[in-house]
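Asker: Enclosed is the structure file entry11.cif (mmCIF, C-alpha atoms and all ligand atoms).
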```
data_model
loop_
_atom_site.label_atom_id
_atom_site.label_comp_id
_atom_site.auth_asym_id
_atom_site.auth_seq_id
_atom_site.Cartn_x
_atom_site.Cartn_y
_atom_site.Cartn_z
CA MET H 1 94.82 95.47 76.28
CA GLY H 2 98.34 94.30 77.00
CA ILE H 3 100.08 92.25 79.61
CA ILE H 4 101.09 93.72 82.98
CA VAL H 5 103.50 92.04 85.39
CA GLN H 6 103.16 93.05 89.05
CA LYS H 7 105.69 91.97 91.68
CA PHE H 8 104.94 92.14 95.40
CA GLY H 9 107.84 92.10 97.86
CA GLY H 10 107.89 90.62 101.35
CA THR H 11 106.31 93.53 103.20
CA SER H 12 103.48 93.64 100.62
CA MET H 13 102.70 90.01 101.52
CA GLY H 14 102.54 90.64 105.28
CA ARG H 15 104.41 89.27 108.27
CA TRP H 16 104.27 85.49 108.47
CA ASP H 17 104.93 85.47 112.24
CA ARG H 18 101.89 87.65 112.94
CA MET H 19 99.53 85.67 110.69
CA ASP H 20 99.00 89.03 108.97
CA THR H 21 96.71 88.50 105.95
CA ASP H 22 95.54 92.12 105.56
CA ARG H 23 98.55 93.17 103.50
CA LEU H 24 98.20 90.21 101.18
CA LEU H 25 94.50 90.91 100.64
CA GLN H 26 95.30 94.56 99.97
CA SER H 27 97.90 93.52 97.37
CA ALA H 28 95.40 91.08 95.84
CA GLU H 29 92.92 93.93 95.48
CA ARG H 30 95.51 95.92 93.58
CA VAL H 31 95.98 92.99 91.20
CA ALA H 32 92.23 92.53 90.79
CA LYS H 33 91.82 96.19 89.92
CA THR H 34 94.34 95.90 87.10
CA LYS H 35 92.63 92.76 85.80
CA ALA H 36 89.26 94.53 85.94
CA GLN H 37 90.70 97.20 83.62
CA GLY H 38 91.01 94.47 80.99
CA HIS H 39 94.71 93.58 81.16
CA ASP H 40 96.23 90.13 81.33
CA VAL H 41 97.96 90.15 84.70
CA LEU H 42 100.86 88.05 85.92
CA VAL H 43 101.76 88.41 89.59
CA VAL H 44 105.19 87.52 90.96
CA VAL H 45 105.34 87.14 94.73
CA SER H 46 108.13 87.03 97.30
CA ALA H 47 108.08 85.15 100.57
CA MET H 48 106.21 86.87 103.42
CA ALA H 49 108.28 89.45 105.32
CA GLY H 50 111.05 87.85 107.36
CA LEU H 51 110.40 84.29 106.18
CA THR H 52 113.44 83.83 103.90
CA ASN H 53 115.68 85.10 106.71
CA LEU H 54 114.10 82.62 109.09
CA LEU H 55 114.59 79.72 106.67
CA LEU H 56 118.24 80.59 106.11
CA GLU H 57 118.79 80.95 109.84
CA LEU H 58 117.30 77.52 110.42
CA ALA H 59 119.59 76.05 107.77
CA GLY H 60 122.57 77.77 109.36
CA ARG H 61 121.73 76.28 112.74
CA VAL H 62 121.43 72.78 111.36
CA ASN H 63 124.50 72.88 109.11
CA PRO H 64 126.15 76.13 107.99
CA GLU H 65 128.62 74.23 105.79
CA GLY H 66 125.98 72.17 103.97
CA GLU H 67 125.53 71.85 100.21
CA PRO H 68 124.16 75.02 98.53
CA ARG H 69 121.70 72.79 96.65
CA GLU H 70 119.91 71.96 99.90
CA PHE H 71 119.92 75.61 101.02
CA ASP H 72 118.00 76.39 97.83
CA THR H 73 115.52 73.56 98.33
CA LEU H 74 114.75 75.12 101.70
CA ALA H 75 114.99 78.85 100.91
CA SER H 76 112.67 78.58 97.91
CA THR H 77 109.74 77.33 100.01
CA GLY H 78 108.75 80.80 101.26
CA GLU H 79 107.63 81.79 97.79
CA GLN H 80 105.57 78.62 97.37
CA ILE H 81 103.53 79.60 100.43
CA SER H 82 102.99 83.03 98.88
CA ILE H 83 101.71 81.81 95.50
CA GLY H 84 99.16 79.56 97.18
CA LEU H 85 97.95 82.37 99.41
CA MET H 86 97.85 84.96 96.62
CA ALA H 87 95.89 82.71 94.25
CA LEU H 88 93.44 81.91 97.08
CA ALA H 89 93.06 85.63 97.87
CA LEU H 90 92.32 86.45 94.22
CA GLN H 91 89.78 83.64 93.98
CA ARG H 92 88.08 85.00 97.10
CA LEU H 93 87.77 88.35 95.30
CA GLY H 94 86.05 86.54 92.44
CA TYR H 95 88.99 86.41 90.03
CA PRO H 96 89.98 83.03 88.52
CA SER H 97 93.67 82.55 89.13
CA ILE H 98 96.32 79.86 89.01
CA SER H 99 99.58 79.51 90.93
CA PHE H 100 102.86 78.22 89.48
CA THR H 101 106.26 77.46 91.00
CA GLY H 102 109.35 78.37 89.00
CA ALA H 103 109.65 74.80 87.77
CA GLN H 104 106.02 74.73 86.64
CA ILE H 105 106.59 77.62 84.23
CA GLY H 106 109.94 76.28 83.03
CA MET H 107 112.03 79.01 84.67
CA LYS H 108 115.32 77.38 83.64
CA THR H 109 118.53 78.48 85.34
CA ASP H 110 122.15 77.38 85.49
CA ALA H 111 123.21 75.24 88.47
CA ALA H 112 124.93 78.03 90.46
CA PHE H 113 122.91 77.32 93.59
CA THR H 114 122.06 80.37 95.79
CA LYS H 115 122.93 82.75 92.91
CA ALA H 116 121.58 81.05 89.81
CA ARG H 117 121.14 82.88 86.51
CA ILE H 118 117.98 82.61 84.44
CA GLN H 119 118.55 81.00 81.06
CA SER H 120 115.08 80.64 79.57
CA ILE H 121 111.39 80.76 80.39
CA ASP H 122 108.70 78.65 78.76
CA THR H 123 105.66 80.90 78.43
CA ASP H 124 103.22 78.27 77.09
CA ARG H 125 101.42 77.53 80.36
CA ILE H 126 101.22 81.22 81.18
CA ARG H 127 99.69 82.08 77.81
CA LYS H 128 97.25 79.20 78.08
CA ALA H 129 96.11 80.44 81.50
CA PHE H 130 95.70 83.96 80.07
CA ARG H 131 93.51 82.53 77.27
CA HIS H 132 91.29 81.06 79.98
CA GLY H 133 90.98 84.50 81.54
CA LYS H 134 93.07 83.63 84.59
CA ILE H 135 95.39 85.77 86.64
CA VAL H 136 98.73 83.95 86.76
CA VAL H 137 100.60 83.88 90.08
CA VAL H 138 104.29 82.89 89.91
CA ALA H 139 106.80 82.23 92.69
CA GLY H 140 109.69 84.68 92.54
CA PHE H 141 113.31 83.98 93.50
CA GLN H 142 113.28 80.37 92.26
CA GLY H 143 114.11 78.41 89.15
CA VAL H 144 114.99 74.91 88.09
CA THR H 145 118.03 73.37 86.38
CA ASP H 146 117.91 71.07 83.36
CA GLU H 147 118.26 68.21 85.84
CA GLY H 148 115.17 69.37 87.72
CA ASP H 149 116.98 70.74 90.79
CA ILE H 150 115.48 73.79 92.51
CA THR H 151 117.68 76.91 92.45
CA THR H 152 117.37 80.41 93.88
CA LEU H 153 118.44 83.66 92.25
CA GLY H 154 120.19 85.42 95.15
CA ARG H 155 118.69 87.69 97.80
CA GLY H 156 116.12 90.06 96.35
CA GLY H 157 115.81 87.72 93.36
CA SER H 158 112.05 88.06 92.92
CA ASP H 159 112.68 91.40 91.20
CA THR H 160 114.69 89.52 88.60
CA SER H 161 112.02 86.82 88.20
CA ALA H 162 109.45 89.56 87.52
CA VAL H 163 111.50 91.52 85.00
CA ALA H 164 112.65 88.37 83.20
CA ILE H 165 109.05 87.15 82.88
CA ALA H 166 107.96 90.62 81.70
CA ALA H 167 110.71 90.46 79.05
CA ALA H 168 109.69 86.96 77.94
CA LEU H 169 106.01 87.98 77.68
CA LYS H 170 106.84 91.36 76.10
CA ALA H 171 104.69 92.91 78.83
CA ASP H 172 103.75 96.60 78.64
CA VAL H 173 105.28 97.25 82.05
CA CYS H 174 106.76 95.48 85.06
CA GLU H 175 105.46 97.05 88.27
CA ILE H 176 107.54 96.43 91.40
CA TYR H 177 105.39 97.04 94.50
CA THR H 178 107.37 97.65 97.67
CA ASP H 179 107.34 99.43 101.03
CA VAL H 180 108.53 102.84 99.77
CA ARG H 181 106.99 105.09 97.12
CA GLY H 182 109.71 104.56 94.54
CA VAL H 183 113.41 105.04 93.96
CA TYR H 184 114.89 107.84 96.05
CA THR H 185 118.13 109.80 95.80
CA ALA H 186 119.29 107.83 98.87
CA ASP H 187 117.85 105.11 101.09
CA PRO H 188 114.93 106.97 102.75
CA ARG H 189 115.61 105.05 105.95
CA VAL H 190 119.02 106.71 106.17
CA VAL H 191 118.16 110.09 104.62
CA PRO H 192 114.57 110.83 105.68
CA ARG H 193 114.32 113.87 103.38
CA ALA H 194 115.69 112.04 100.31
CA LYS H 195 113.89 113.06 97.10
CA MET H 196 111.78 110.57 95.22
CA LEU H 197 112.74 110.34 91.56
CA GLU H 198 110.00 110.49 88.92
CA ARG H 199 112.26 108.65 86.52
CA ILE H 200 115.75 107.25 86.39
CA SER H 201 117.82 105.78 83.54
CA TYR H 202 118.55 102.05 83.41
CA GLU H 203 122.24 102.91 83.53
CA GLU H 204 122.00 104.95 86.73
CA MET H 205 119.66 102.43 88.35
CA LEU H 206 122.11 99.64 87.52
CA GLU H 207 124.90 101.51 89.30
CA LEU H 208 122.72 102.39 92.31
CA ALA H 209 121.55 98.78 92.63
CA SER H 210 125.01 97.25 92.32
CA LEU H 211 126.41 99.82 94.77
CA GLY H 212 123.90 98.98 97.48
CA SER H 213 120.36 100.32 96.85
CA LYS H 214 118.47 97.13 97.48
CA VAL H 215 115.17 98.50 96.16
CA LEU H 216 115.88 96.54 92.94
CA GLN H 217 118.15 93.51 92.56
CA THR H 218 121.03 94.35 90.19
CA ARG H 219 120.25 91.56 87.76
CA SER H 220 116.66 92.74 87.39
CA VAL H 221 117.97 96.07 86.11
CA GLU H 222 120.34 94.28 83.72
CA PHE H 223 117.37 92.36 82.30
CA ALA H 224 115.27 95.51 82.05
CA MET H 225 118.08 97.33 80.24
CA ASN H 226 118.87 94.48 77.84
CA TYR H 227 115.26 93.79 76.91
CA LYS H 228 114.02 97.39 77.24
CA VAL H 229 111.37 96.50 79.81
CA PRO H 230 109.82 99.61 81.37
CA VAL H 231 109.98 99.08 85.13
CA CYS H 232 107.91 101.07 87.59
CA VAL H 233 108.78 100.98 91.31
CA LEU H 234 105.84 101.94 93.49
CA SER H 235 104.23 101.62 96.90
CA SER H 236 101.85 98.79 97.72
CA PHE H 237 100.56 100.86 100.63
CA GLU H 238 99.43 104.05 98.89
CA GLU H 239 98.15 104.76 95.41
CA VAL H 240 100.65 107.37 94.29
CA PRO H 241 102.78 107.43 91.14
CA GLY H 242 106.15 105.74 91.57
CA THR H 243 109.49 105.90 89.76
CA LEU H 244 109.83 104.90 86.11
CA VAL H 245 113.09 103.15 85.28
CA THR H 246 113.62 103.71 81.60
CA GLU H 247 115.97 104.86 78.88
CA GLU H 248 117.91 108.02 79.45
CA ALA H 249 116.08 111.27 78.68
CA GLU H 250 117.96 114.28 77.33
CA ASP H 251 117.44 116.42 80.41
CA MET H 252 118.93 113.75 82.70
CA GLU H 253 122.46 114.96 82.04
CA ARG H 254 121.63 118.27 83.75
CA VAL H 255 121.76 116.62 87.16
CA MET H 256 125.31 115.94 88.29
CA VAL H 257 124.57 113.34 90.98
CA ARG H 258 121.37 111.28 90.81
CA GLY H 259 121.83 109.31 94.00
CA VAL H 260 124.14 108.13 96.78
CA THR H 261 124.53 104.65 98.25
CA SER H 262 126.59 102.57 100.61
CA ILE H 263 127.42 98.87 100.63
CA PRO H 264 129.37 96.73 103.14
CA GLU H 265 132.71 95.36 101.92
CA ALA H 266 135.87 93.85 103.38
CA LYS H 267 139.44 95.02 102.88
CA VAL H 268 142.48 92.78 102.62
CA SER H 269 146.08 94.02 102.58
CA LEU H 270 149.20 92.11 101.63
CA VAL H 271 152.03 93.86 103.44
CA GLY H 272 155.65 93.84 102.28
CA VAL H 273 155.10 92.41 98.81
CA PRO H 274 158.29 92.17 96.70
CA ASP H 275 158.21 94.91 94.03
CA LYS H 276 158.76 92.95 90.84
CA PRO H 277 156.86 92.15 87.65
CA GLY H 278 154.27 89.39 87.82
CA VAL H 279 153.45 89.57 91.54
CA ALA H 280 150.12 91.39 91.13
CA ALA H 281 149.23 89.05 88.27
CA LYS H 282 149.91 86.09 90.56
CA ILE H 283 147.86 87.47 93.48
CA PHE H 284 144.79 88.43 91.48
CA GLY H 285 145.08 85.42 89.20
CA ASP H 286 144.87 83.09 92.21
CA ILE H 287 141.84 84.95 93.57
CA ALA H 288 140.07 85.01 90.20
CA ALA H 289 140.69 81.29 89.80
CA ARG H 290 138.39 80.80 92.81
CA ASN H 291 135.62 82.85 91.14
CA ILE H 292 135.97 85.68 93.65
CA ASN H 293 135.42 89.22 92.42
CA VAL H 294 137.92 91.82 93.58
CA ASP H 295 136.50 95.32 93.69
CA MET H 296 138.94 98.15 94.39
CA ILE H 297 142.72 97.75 94.34
CA ILE H 298 145.41 100.09 95.60
CA GLN H 299 149.19 99.67 95.68
CA ASN H 300 151.21 101.81 98.05
CA VAL H 301 154.77 102.59 97.08
CA GLY H 302 156.81 101.14 99.89
CA SER H 303 160.51 101.11 100.63
CA ASP H 304 163.34 98.58 100.09
CA ASP H 305 161.75 97.24 96.92
CA HIS H 306 158.60 96.24 98.78
CA ASN H 307 154.99 97.44 98.37
CA ASP H 308 151.69 97.02 100.18
CA ILE H 309 148.75 95.90 98.06
CA SER H 310 145.22 96.42 99.41
CA PHE H 311 141.97 95.40 97.80
CA THR H 312 138.31 94.95 98.68
CA VAL H 313 135.98 91.98 98.26
CA SER H 314 132.45 91.23 99.37
CA ARG H 315 132.26 90.20 103.01
CA SER H 316 130.95 86.75 102.16
CA ASP H 317 134.20 86.05 100.28
CA LEU H 318 136.54 87.28 103.03
CA LYS H 319 137.22 83.93 104.67
CA ALA H 320 138.19 82.31 101.37
CA VAL H 321 140.34 85.30 100.36
CA ILE H 322 142.27 85.27 103.64
CA ALA H 323 143.07 81.59 103.12
CA ILE H 324 144.32 82.28 99.58
CA ALA H 325 146.29 85.33 100.78
CA ASN H 326 148.00 83.35 103.56
CA ASP H 327 149.20 80.78 101.03
CA LEU H 328 150.35 83.56 98.70
CA VAL H 329 152.35 85.34 101.39
CA LYS H 330 154.51 82.25 101.80
CA GLU H 331 154.81 81.67 98.08
CA ILE H 332 155.80 85.21 97.05
CA HIS H 333 157.78 85.93 100.24
CA ALA H 334 155.58 88.82 101.39
CA GLN H 335 155.48 89.91 105.03
CA LYS H 336 151.91 89.39 106.23
CA VAL H 337 148.16 89.58 105.55
CA GLN H 338 145.87 92.09 107.23
CA SER H 339 142.10 92.27 106.92
CA ASP H 340 139.28 94.56 107.97
CA ASP H 341 135.67 93.47 107.62
CA LYS H 342 134.30 96.75 108.96
CA VAL H 343 134.54 98.93 105.87
CA VAL H 344 131.85 100.21 103.51
CA LYS H 345 131.89 101.65 100.04
CA VAL H 346 129.99 104.93 99.64
CA SER H 347 129.24 106.07 96.12
CA ALA H 348 127.79 108.99 94.20
CA VAL H 349 126.15 108.10 90.88
CA GLY H 350 124.93 110.19 87.95
CA VAL H 351 125.12 110.22 84.14
CA GLY H 352 125.58 113.97 84.49
CA MET H 353 129.17 113.32 85.64
CA ARG H 354 130.04 112.83 81.97
CA SER H 355 129.47 116.51 81.34
CA HIS H 356 130.23 118.04 84.75
CA SER H 357 133.60 118.21 86.42
CA GLY H 358 134.43 118.68 90.09
CA VAL H 359 132.24 115.93 91.52
CA ALA H 360 135.19 114.09 93.08
CA GLY H 361 136.51 117.20 94.82
CA LYS H 362 133.08 117.97 96.26
CA MET H 363 132.68 114.40 97.45
CA PHE H 364 136.07 114.30 99.16
CA SER H 365 135.55 117.62 100.91
CA ALA H 366 132.04 116.67 102.08
CA LEU H 367 133.55 113.56 103.71
CA ALA H 368 136.54 115.45 105.09
CA ASN H 369 134.25 118.06 106.67
CA LYS H 370 132.71 115.28 108.74
CA GLY H 371 136.13 113.98 109.73
CA ILE H 372 135.73 110.82 107.64
CA ASN H 373 138.97 109.27 106.38
CA ILE H 374 138.99 107.89 102.82
CA GLN H 375 140.91 104.61 102.51
CA LEU H 376 140.49 103.75 98.81
CA ILE H 377 138.96 105.58 95.85
CA SER H 378 137.67 104.42 92.49
CA THR H 379 135.94 106.28 89.68
CA SER H 380 134.16 105.44 86.47
CA GLU H 381 132.40 107.58 83.91
CA ILE H 382 129.23 107.87 85.97
CA LYS H 383 130.26 107.11 89.57
CA ILE H 384 132.77 107.84 92.31
CA SER H 385 133.25 105.43 95.21
CA CYS H 386 135.22 105.69 98.45
CA ILE H 387 136.01 103.02 101.02
CA ILE H 388 135.54 104.30 104.57
CA ALA H 389 135.14 102.84 108.07
CA GLU H 390 131.74 101.21 108.59
CA GLU H 391 130.89 103.35 111.59
CA TYR H 392 130.67 106.41 109.33
CA ALA H 393 128.44 104.84 106.65
CA GLU H 394 125.22 106.67 107.48
CA LEU H 395 126.96 109.92 108.31
CA ALA H 396 128.72 109.79 104.94
CA VAL H 397 125.54 109.09 102.97
CA ARG H 398 123.79 111.98 104.72
CA ALA H 399 126.73 114.31 104.13
CA LEU H 400 126.77 113.45 100.41
CA ALA H 401 123.00 113.85 100.10
CA GLU H 402 123.39 117.32 101.54
CA GLU H 403 126.41 118.20 99.40
CA PHE H 404 124.75 117.18 96.15
CA GLU H 405 121.35 118.70 97.06
CA LEU H 406 119.52 115.40 97.03
CA GLU H 407 117.08 116.33 99.81
CA ASN H 408 113.65 117.96 99.95
CA GLU H 409 112.99 121.02 102.07
CA SER H 410 110.69 119.02 104.32
CA LYS H 411 110.23 115.30 104.90
CA GLU H 412 108.04 113.54 102.31
CA LEU H 413 104.74 112.30 103.70
CA GLU H 414 105.19 108.56 104.00
CA GLN H 415 102.57 105.90 104.59
P1 LIG C 501 110.82 94.23 98.93
O1 LIG C 501 110.63 93.30 100.08
O2 LIG C 501 109.56 94.92 98.51
O3 LIG C 501 111.57 93.61 97.79
P2 LIG C 501 113.27 95.55 99.76
O4 LIG C 501 113.46 95.66 101.24
O5 LIG C 501 114.03 94.52 99.02
O6 LIG C 501 111.70 95.43 99.49
O7 LIG C 501 113.60 96.96 99.07
C1 LIG C 501 112.96 98.15 99.52
C2 LIG C 501 113.88 98.89 100.47
O8 LIG C 501 115.01 99.37 99.74
C3 LIG C 501 113.28 100.14 101.07
O9 LIG C 501 112.56 99.85 102.23
C4 LIG C 501 114.49 101.02 101.32
O10 LIG C 501 114.87 101.06 102.69
C5 LIG C 501 115.62 100.36 100.54
N1 LIG C 501 116.35 101.31 99.69
C6 LIG C 501 117.70 101.43 99.64
N2 LIG C 501 118.06 102.40 98.81
C7 LIG C 501 116.92 102.92 98.28
C8 LIG C 501 116.65 103.96 97.34
N3 LIG C 501 117.63 104.67 96.76
N4 LIG C 501 115.36 104.22 97.04
C9 LIG C 501 114.36 103.51 97.61
N5 LIG C 501 114.55 102.52 98.52
C10 LIG C 501 115.83 102.22 98.86
N1 LIG C 502 112.42 86.12 99.41
C1 LIG C 502 113.70 86.37 98.76
C2 LIG C 502 114.60 87.20 99.66
O1 LIG C 502 114.21 87.54 100.76
C3 LIG C 502 113.54 86.98 97.41
C4 LIG C 502 112.95 88.38 97.38
O2 LIG C 502 112.37 88.84 98.36
O3 LIG C 502 113.05 89.02 96.34
O4 LIG C 502 115.70 87.49 99.30
MG MG C 503 113.62 93.22 97.44
#
```
Take the structure in the file and write it out as structure tokens.
Ligand code: ADP
Ligand code: ASP
Ligand code: MG
Answerer:
Amino acid sequence: MGIIVQKFGGTSMGRWDRMDTDRLLQSAERVAKTKAQGHDVLVVVSAMAGLTNLLLELAGRVNPEGEPREFDTLASTGEQISIGLMALALQRLGYPSISFTGAQIGMKTDAAFTKARIQSIDTDRIRKAFRHGKIVVVAGFQGVTDEGDITTLGRGGSDTSAVAIAAALKADVCEIYTDVRGVYTADPRVVPRAKMLERISYEEMLELASLGSKVLQTRSVEFAMNYKVPVCVLSSFEEVPGTLVTEEAEDMERVMVRGVTSIPEAKVSLVGVPDKPGVAAKIFGDIAARNINVDMIIQNVGSDDHNDISFTVSRSDLKAVIAIANDLVKEIHAQKVQSDDKVVKVSAVGVGMRSHSGVAGKMFSALANKGINIQLISTSEIKISCIIAEEYAELAVRALAEEFELENESKELEQ
């Protein structure tokens, strides 16, 4: 029998503020069942529901401008509570188990605090515990630098811990247990009749994740794709088959749009920029030098040898970008800087776009029919994205789900 990695998200661990241990025990039973079938089982756990938010809020109240290193020391503690509780729950069910922090299993990362990248994992202790018949419980979301500093992997990072460990152990499957039955064509909280997908390609899942579907952290899908780890997303509440994230199957191309998403962004415009060679290179060079990713860019043809250049960035980078843009305006003799932090990017994703045409037209008319103005557009081989006002985010996602027939006739029975 092979190795199975099972990851339990916050809601599968219960609410910390209600002293809710039922969920955790239920999740432990699921783990025990898999162990009883004869597999070696490694469990990755997240902090209990709401706990990471609370920790970050506390940090923000004490010192919002503090060192990211200390934020990580604090934010990582939620997962340490969870490993202790999960190992205790498994022992109560009669299953020998052992808990490990990220550092204890040599989950080495770079030193990019709050968004660290995994570099290597030492599987020796894990394999030794397996040889002793133990279930191994590992804290998600956290790692350690060569210097021994605690890091975290970015919000939702336990998914990445789980897939990376599954890759290192060459596990048969990485099961991601969460509060919905699997991956849907749209966030089921926004589109109640969204269809659940039986399977989805790594490539499409990567786009959906990076464009806002938080059911899997983007980096976890990158790991799964690079190391060919089969990932299954499923409910920790009901025993029903979930969604398999895997390599593309031939029939996948038949579907034009696999899913729709939305993600908050911020828009910055430089108004009255002199129209001459090298100006765009200067603007985006300065922004890149600060390690800030620019998403969409549009240049409007202006008059009198002047243009307007607009672009989007993630909201967390807006403050820094405005500061850079204000300096630039003086330097390049532009008119002014404008910003809008109330925009979202809505996207339609599907590998079928490679062989179908007309997706863009359908998307634009579905938005227009709801009176939604499109501010910026970008396309790639398998996705189309539009920037729109935040107030229309849910309306837009619902309109696109309807347009691309991503809904069931009746609402799926949930929980
Ligand atoms: P966990 O705590 O288990 O990691 P998350 O809250 O991070 O759970 O992710 C699960 C949530 O992702 C769901 O509750 C759902 O609202 C949201 N979600 C967004 N887009 C999708 C999608 N396309 N399919 C499924 N869930 C989605
Ligand atoms: N607890 C962390 C978070 O809330 C990691 C995770 O849940 O995956 O972001
Ligand atoms: Mg998550």
Asker: Report the distance between atom CA of H:Ile121 and atom CA of H:Gly2 in Å, rounded to one decimal place.
Answerer: 19.1 Å
Asker: Which is closer to ligand LIG 502 (chain C) than all the others in H:Trp16, H:Phe223, H:Tyr177, H:Phe141, using all atoms listed in the file?
Answerer: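 The answer is H:Phe141, which sits nearest to ligand LIG 502 (chain C).
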Asker: Quick one: contact table of chain H to ligand LIG 501 (chain C), 9 Å max, nearest atom pair and distance in Å to one decimal per residue, counting only C-alpha atoms and all ligand atoms, chain and number order, as a tab-separated table?
Answerer:
```
residue	atom	partner	partner_atom	distance
H:Lys7	CA	C:LIG501	O2	8.4
H:Phe8	CA	C:LIG501	O2	6.2
H:Gly9	CA	C:LIG501	O2	3.4
H:Gly10	CA	C:LIG501	O1	4.0
H:Thr11	CA	C:LIG501	O1	5.3
H:Ser12	CA	C:LIG501	O2	6.6
H:Met13	CA	C:LIG501	O1	8.7
H:Ser46	CA	C:LIG501	O1	7.3
H:Ala47	CA	C:LIG501	O1	8.6
H:Met48	CA	C:LIG501	O1	8.5
H:Ala49	CA	C:LIG501	O1	6.9
H:Arg155	CA	C:LIG501	O5	8.4
H:Gly156	CA	C:LIG501	O5	5.6
H:Gly157	CA	C:LIG501	O3	8.5
H:Ser158	CA	C:LIG501	O3	7.4
H:Asp159	CA	C:LIG501	O3	7.0
H:Ile176	CA	C:LIG501	O2	7.5
H:Tyr177	CA	C:LIG501	O2	6.2
H:Thr178	CA	C:LIG501	O2	3.6
H:Asp179	CA	C:LIG501	O9	5.4
H:Val180	CA	C:LIG501	O9	5.6
H:Arg181	CA	C:LIG501	C9	7.6
H:Gly182	CA	C:LIG501	C9	5.7
H:Val183	CA	C:LIG501	N4	3.7
H:Tyr184	CA	C:LIG501	N4	3.8
H:Thr185	CA	C:LIG501	N3	5.2
H:Ala186	CA	C:LIG501	N3	4.1
H:Asp187	CA	C:LIG501	N2	3.5
H:Pro188	CA	C:LIG501	O10	5.9
H:Arg189	CA	C:LIG501	O10	5.2
H:Val190	CA	C:LIG501	O10	7.8
H:Ala194	CA	C:LIG501	N3	8.4
H:Lys195	CA	C:LIG501	N4	9.0
H:Met196	CA	C:LIG501	N4	7.5
H:Leu197	CA	C:LIG501	N4	8.6
H:Met205	CA	C:LIG501	N3	8.9
H:Leu208	CA	C:LIG501	N3	7.1
H:Ala209	CA	C:LIG501	N2	8.0
H:Gly212	CA	C:LIG501	N2	6.9
H:Ser213	CA	C:LIG501	N2	3.7
H:Lys214	CA	C:LIG501	O8	4.7
H:Val215	CA	C:LIG501	O7	3.6
H:Leu216	CA	C:LIG501	O7	6.6
H:Gln217	CA	C:LIG501	O5	7.7
H:Val233	CA	C:LIG501	C9	8.8
H:Ser235	CA	C:LIG501	O2	8.7
H:Ser236	CA	C:LIG501	O2	8.7
H:Gly259	CA	C:LIG501	N3	6.8
H:Val260	CA	C:LIG501	N3	7.4
H:Thr261	CA	C:LIG501	N2	6.9
H:Ser262	CA	C:LIG501	N2	8.7
```
Asker: Just to confirm, what's the straight-line distance from atom CA of H:Val229 to atom CA of H:Gly350 in Å (one decimal)?
Answerer: 20.9 Å
Asker: Can you measure atom CA of H:Met252 to atom CA of H:Val359 for me? One decimal in Å is fine.
Answerer: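 If I compute the distance from atom CA of H:Met252 to atom CA of H:Val359, I get 16.1 Å.
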Asker: Kindly indicate which residue among H:Gln335, H:Asn53, H:Asn408, H:Asn63 lies nearest to ligand LIG 502 (chain C), using only C-alpha atoms and all ligand atoms for the distances.
Answerer: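 Comparing H:Gln335, H:Asn53, H:Asn408, H:Asn63 against ligand LIG 502 (chain C), the winner is H:Asn53.
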Asker: Would you mind telling me which residue in H:Glu390, H:Ser314, H:Leu90, H:Lys370 lies nearest to H:Leu211 when using only C-alpha atoms?
Answerer: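 Nearest to H:Leu211: H:Ser314.
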Asker: H:Arg92, H:Pro192, H:Gln26, H:Val279: which is nearest H:Ile332, counting all atoms listed in the file?
Answerer: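 Among the listed residues, H:Val279 lies closest to H:Ile332.
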Asker: Can you sort out the box for stretch 255-261 of chain H, edges along x, y and z, all listed atoms in, 6 Å on every side, with centre and edge lengths in Å to one decimal, as JSON?
Answerer:
```
{"center_x": 123.3, "center_y": 110.6, "center_z": 92.7, "size_x": 15.9, "size_y": 24.0, "size_z": 23.1}
```
Asker: With all atoms listed in the file as the atoms that count, which of H:Ala87, H:Ala28, H:Val163, H:Val144 lies nearest to ligand LIG 502 (chain C)?
Answerer: H:Val163
Asker: Which residues are close to H:Gln338, i.e. within 7 Å by all atoms listed in the file, leaving aside same-chain residues fewer than 3 positions away? Reply as JSON, numbers by chain.
Answerer: {"H": [268, 269, 270]}
Asker: For the selection you just gave me, I'd like the residues written to a file as a JSON list (two decimals), in the coordinates of the input, keeping C-alpha atoms.
Answerer:
```
[["chain", "number", "residue", "atom", "x", "y", "z"],
["H", 268, "VAL", "CA", 142.48, 92.78, 102.62],
["H", 269, "SER", "CA", 146.08, 94.02, 102.58],
["H", 270, "LEU", "CA", 149.20, 92.11, 101.63]]
```
Asker: Quick one: of H:Phe113, H:Phe311, H:Phe284, H:Tyr227, who's nearest to H:Ile165, counting all atoms listed in the file?
Answerer: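 Smallest distance to H:Ile165 is found for H:Tyr227.
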